[in-house]
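First up is the structure itself, then whatever we jot down about it.
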Amino acid sequence: MAFTSAMLAPPPSFAAAPLPIDQGKEWTASAQKDFYSRDQGSRIMPLSWIAALKQPNGEPFMADSLGRYGYLPNKASHPPGLPVGFTVGSGSNGQEIGMNCSACHTRQIEVNGSLYRIDGGPGIVDFQSFLADLDKAVNTVLTNQQAFTEFARAVLGPSPTPAEKTKLGQALQGWYLPYHTLMKGALPTPPWGPARLDAVAMIFNRLTGLDIGPPPTYMIPENIKPATAPVRYPFLWNAAVQDKTQWPGFAGNGNNILGLARNLGEVYGVFGVFHPKKDAWRLLGIDYLHNNSANFQGLDALEDLIRKIGPPRWPWKVDQALATKGKAIFARKTDQGGCVECHGISPGQTRFFEQKTWATPVLDVGTDSREYDILGWTVKTGVLEGAKIPFLAQPLKPVDTAFNVLGLSVIGSILQHYVPVLMKAEDQAQVKGMQSPFTPETESLKDAFNAPAPTTPSYAYESRVLEGIWAAAPYLHNGSVPSLAELLKPAAERVSSFKVGPAYDLVNVGLAVDQTKFDYTLQTTDCSDRNSGNSRCGHEFGTTLSADEKKALLEYLKTL
């Protein structure tokens, strides 16, 4: 570990430290430190491997804590040099690097030369470039003898034996085959760009393409499809109190067990190890925990931390008189330019155990529809064919929806974790007179995955409470509008393209026109191509307000 730590250690940095933003009394320095490094079970590759990889220019792959992709330095990381949200856990090959939710849900913006850190904010990170470059870096080691020799020395020491090198090469090839298969089939052109990813498609692809096929590879490559419905990373403050979550609102939410379902699905998509197998004597007839890296304790701890993250308080001057006028506009009815009917705080469903939530309306407001194509994907179900959760869903067909495969995998894993009984659920019910394998604590899981009804073409997305919305640009679920000021324009008048990066505009409340961090411009489409994945169409609310009313509303939104 000492040798790996030395390779990862960042060079001395003289960059200004980011300024903290007030996110409530519960969000302490110790909570932040835990959030940045808590293991949730993600396993990318052995730590010694990624420390030994090189960029094409010869610099370490992990140089500058992956800052070239927008990831942020974590001064408290162990070993030193890991970015925020990159973790270390024990795997089959010793210490392995992984990710947790803070890697993609920590934001840093730039205003007048100063940096501001916003925990739980949508990451301005280029995840696709990270994935693609990691693929290239490993391929170089496998296809270039000199690169492999240097890699082997870095991993094994200065004088590895031929047998050791052969074993390392075989292990690396074994890692690369599924990884490259996923990247080749899933990464789209044009790319998602910074601040966006197609999370649902990548989870579907990873789970159904790499995890549920026959050993030894576990792959079903034909299940992997291009991930062409990118969305903006959601903000995490208040996420735990919503009664529904995920952009299309398909997931029940609001208590710890539903939070675990939400987060476990994310682990399976972000490098979690998951290889279930049939086992007639195991609860539900499948052993979901047979080869499963999910860290349930870590996931529970992260959900507790998320509950502590408060919405960020606007740290700059506010015109209070103007904001007061904006508050009155916000409180108007929707057809009068107001926001409160969809985005105000109102009681949601009560979850076990007497857990109060906020209502999360799921509405079709004319925005991009591509996400619904992904939700309808069908796949071969592999080892999970015939698997079911009694009293909840029918057995999986040989070809079924990826949505159903994910729901079954998550709920099955959680039930087995909490109810470790070596007996078929049906037999258990007969013997003990039970009506369901769900305990009172896990009963909420019946609402964890609700597939959109296929009969009515509607492309509805969640409408969240707008606390901290000033810090969440770009806007709409697919990040197709750069600022709140642009969002208050009719879709036909919104900018068709804009640069993406951390530079922030305090007047228009969102991304600044000029960006220097990434050389990337997002090209969007209009309402004639609503299904492009990049449409700026929809949400035409507040568009008829006068210029003064819009200015007042923006001022009020800064205060939420």
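Please note that chains go A, B, ... in the order of the structure tokens, that every chain numbers its residues from 1, and that ligands are numbered from 1 in the order shown.
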
Taking 3 positions as the minimum chain separation for residues in the same chain, which residues sit within 9 Å of Gln32 (chain A) when counting only C-alpha atoms? Answer as a PyMOL selection string. chain A and resi 27-29+35-37+119+305+309

Within 9 Å of Pro474 (chain A), counting only C-alpha atoms, which residues show up once you throw out same-chain ones fewer than 5 positions away? Write them as a list of chain:residue names, please. A:Ala195, A:Arg232, A:Gly479, A:Ser480, A:Val481, A:Pro482, A:Ser483, A:Leu484, A:Val500, A:Gly510, A:Leu511

Considering only C-alpha atoms, return as a PDB file with N, CA, C and O atoms, in the first residue's frame whatever protein or nucleic-acid residues lie within 7 Å of Trp237 (chain A), sequence-local ones (same chain, fewer than 2 positions apart) excluded.
```
ATOM      1  N   GLY A 120     -23.499  17.693  -2.427  1.00  0.00           N
ATOM      2  CA  GLY A 120     -24.792  17.209  -2.877  1.00  0.00           C
ATOM      3  C   GLY A 120     -25.274  17.854  -4.162  1.00  0.00           C
ATOM      4  O   GLY A 120     -26.345  17.516  -4.659  1.00  0.00           O
ATOM      5  N   PHE A 235     -29.665  17.029  -7.737  1.00  0.00           N
ATOM      6  CA  PHE A 235     -29.079  17.456  -6.454  1.00  0.00           C
ATOM      7  C   PHE A 235     -29.617  16.549  -5.347  1.00  0.00           C
ATOM      8  O   PHE A 235     -30.731  16.012  -5.440  1.00  0.00           O
ATOM      9  N   ALA A 239     -33.392  15.016  -1.108  1.00  0.00           N
ATOM     10  CA  ALA A 239     -33.725  13.819  -1.895  1.00  0.00           C
ATOM     11  C   ALA A 239     -34.377  12.755  -1.028  1.00  0.00           C
ATOM     12  O   ALA A 239     -35.287  12.047  -1.476  1.00  0.00           O
ATOM     13  N   ILE A 306     -26.791  11.825   3.503  1.00  0.00           N
ATOM     14  CA  ILE A 306     -27.570  12.611   2.537  1.00  0.00           C
ATOM     15  C   ILE A 306     -28.681  13.377   3.249  1.00  0.00           C
ATOM     16  O   ILE A 306     -28.999  14.516   2.891  1.00  0.00           O
ATOM     17  N   ILE A 309     -27.470  16.775   4.455  1.00  0.00           N
ATOM     18  CA  ILE A 309     -27.057  17.822   3.515  1.00  0.00           C
ATOM     19  C   ILE A 309     -28.216  18.799   3.319  1.00  0.00           C
ATOM     20  O   ILE A 309     -29.267  18.426   2.806  1.00  0.00           O
ATOM     21  N   GLY A 310     -28.013  20.046   3.715  1.00  0.00           N
ATOM     22  CA  GLY A 310     -29.048  21.047   3.521  1.00  0.00           C
ATOM     23  C   GLY A 310     -28.876  21.769   2.191  1.00  0.00           C
ATOM     24  O   GLY A 310     -27.797  21.749   1.587  1.00  0.00           O
ATOM     25  N   PRO A 311     -29.940  22.397   1.698  1.00  0.00           N
ATOM     26  CA  PRO A 311     -29.812  23.184   0.467  1.00  0.00           C
ATOM     27  C   PRO A 311     -28.810  24.311   0.668  1.00  0.00           C
ATOM     28  O   PRO A 311     -28.746  24.915   1.747  1.00  0.00           O
TER      29      PRO A 311
END
```

For the interface of region 340-407 of chain A with region 202-207 of chain A (cut-off 9 Å, counting only C-alpha atoms), please tabulate each contacting residue of region 340-407 of chain A alongside its nearest pair of atoms and their separation in Å to one decimal, rows sorted by chain and increasing number, as a Markdown table.
```
| residue | atom | partner | partner_atom | distance |
| --- | --- | --- | --- | --- |
| A:Ile374 | CA | A:Phe204 | CA | 8.8 |
| A:Trp377 | CA | A:Phe204 | CA | 8.7 |
| A:Ala402 | CA | A:Phe204 | CA | 5.9 |
| A:Phe403 | CA | A:Phe204 | CA | 7.4 |
| A:Val405 | CA | A:Leu207 | CA | 8.3 |
| A:Leu406 | CA | A:Phe204 | CA | 7.0 |
```

Writer output for current selection, N, CA and C atoms, as a JSON list (two decimals), in the first residue's frame:
```
[["chain", "number", "residue", "atom", "x", "y", "z"],
["A", 374, "ILE", "N", -35.55, 4.28, -23.16],
["A", 374, "ILE", "CA", -34.66, 3.44, -22.35],
["A", 374, "ILE", "C", -35.48, 2.57, -21.40],
["A", 377, "TRP", "N", -36.67, -0.79, -22.77],
["A", 377, "TRP", "CA", -35.73, -1.79, -23.29],
["A", 377, "TRP", "C", -36.10, -3.20, -22.83],
["A", 402, "ALA", "N", -35.57, -4.64, -19.09],
["A", 402, "ALA", "CA", -34.42, -4.37, -18.23],
["A", 402, "ALA", "C", -34.89, -3.77, -16.91],
["A", 403, "PHE", "N", -35.98, -3.01, -16.97],
["A", 403, "PHE", "CA", -36.55, -2.40, -15.77],
["A", 403, "PHE", "C", -36.94, -3.48, -14.76],
["A", 405, "VAL", "N", -35.76, -6.56, -14.61],
["A", 405, "VAL", "CA", -34.54, -7.24, -14.15],
["A", 405, "VAL", "C", -33.89, -6.44, -13.03],
["A", 406, "LEU", "N", -33.81, -5.11, -13.20],
["A", 406, "LEU", "CA", -33.21, -4.27, -12.17],
["A", 406, "LEU", "C", -34.04, -4.33, -10.88]]
```

Report as a list in words all protein, DNA and RNA residues lying within 9 Å of Ala448 (chain A), evaluated on only C-alpha atoms, omitting residues in the same chain fewer than 4 positions from it. Phe250, Ala251, Gly252, Asn253, Leu258, Ala261, Arg262, Gly407, Ile411 and Ser444 of chain A

Ser535 (chain A) proximity check over A:Leu476, A:Leu260, A:Leu375, A:Val125, using only C-alpha atoms: winner is A:Leu476
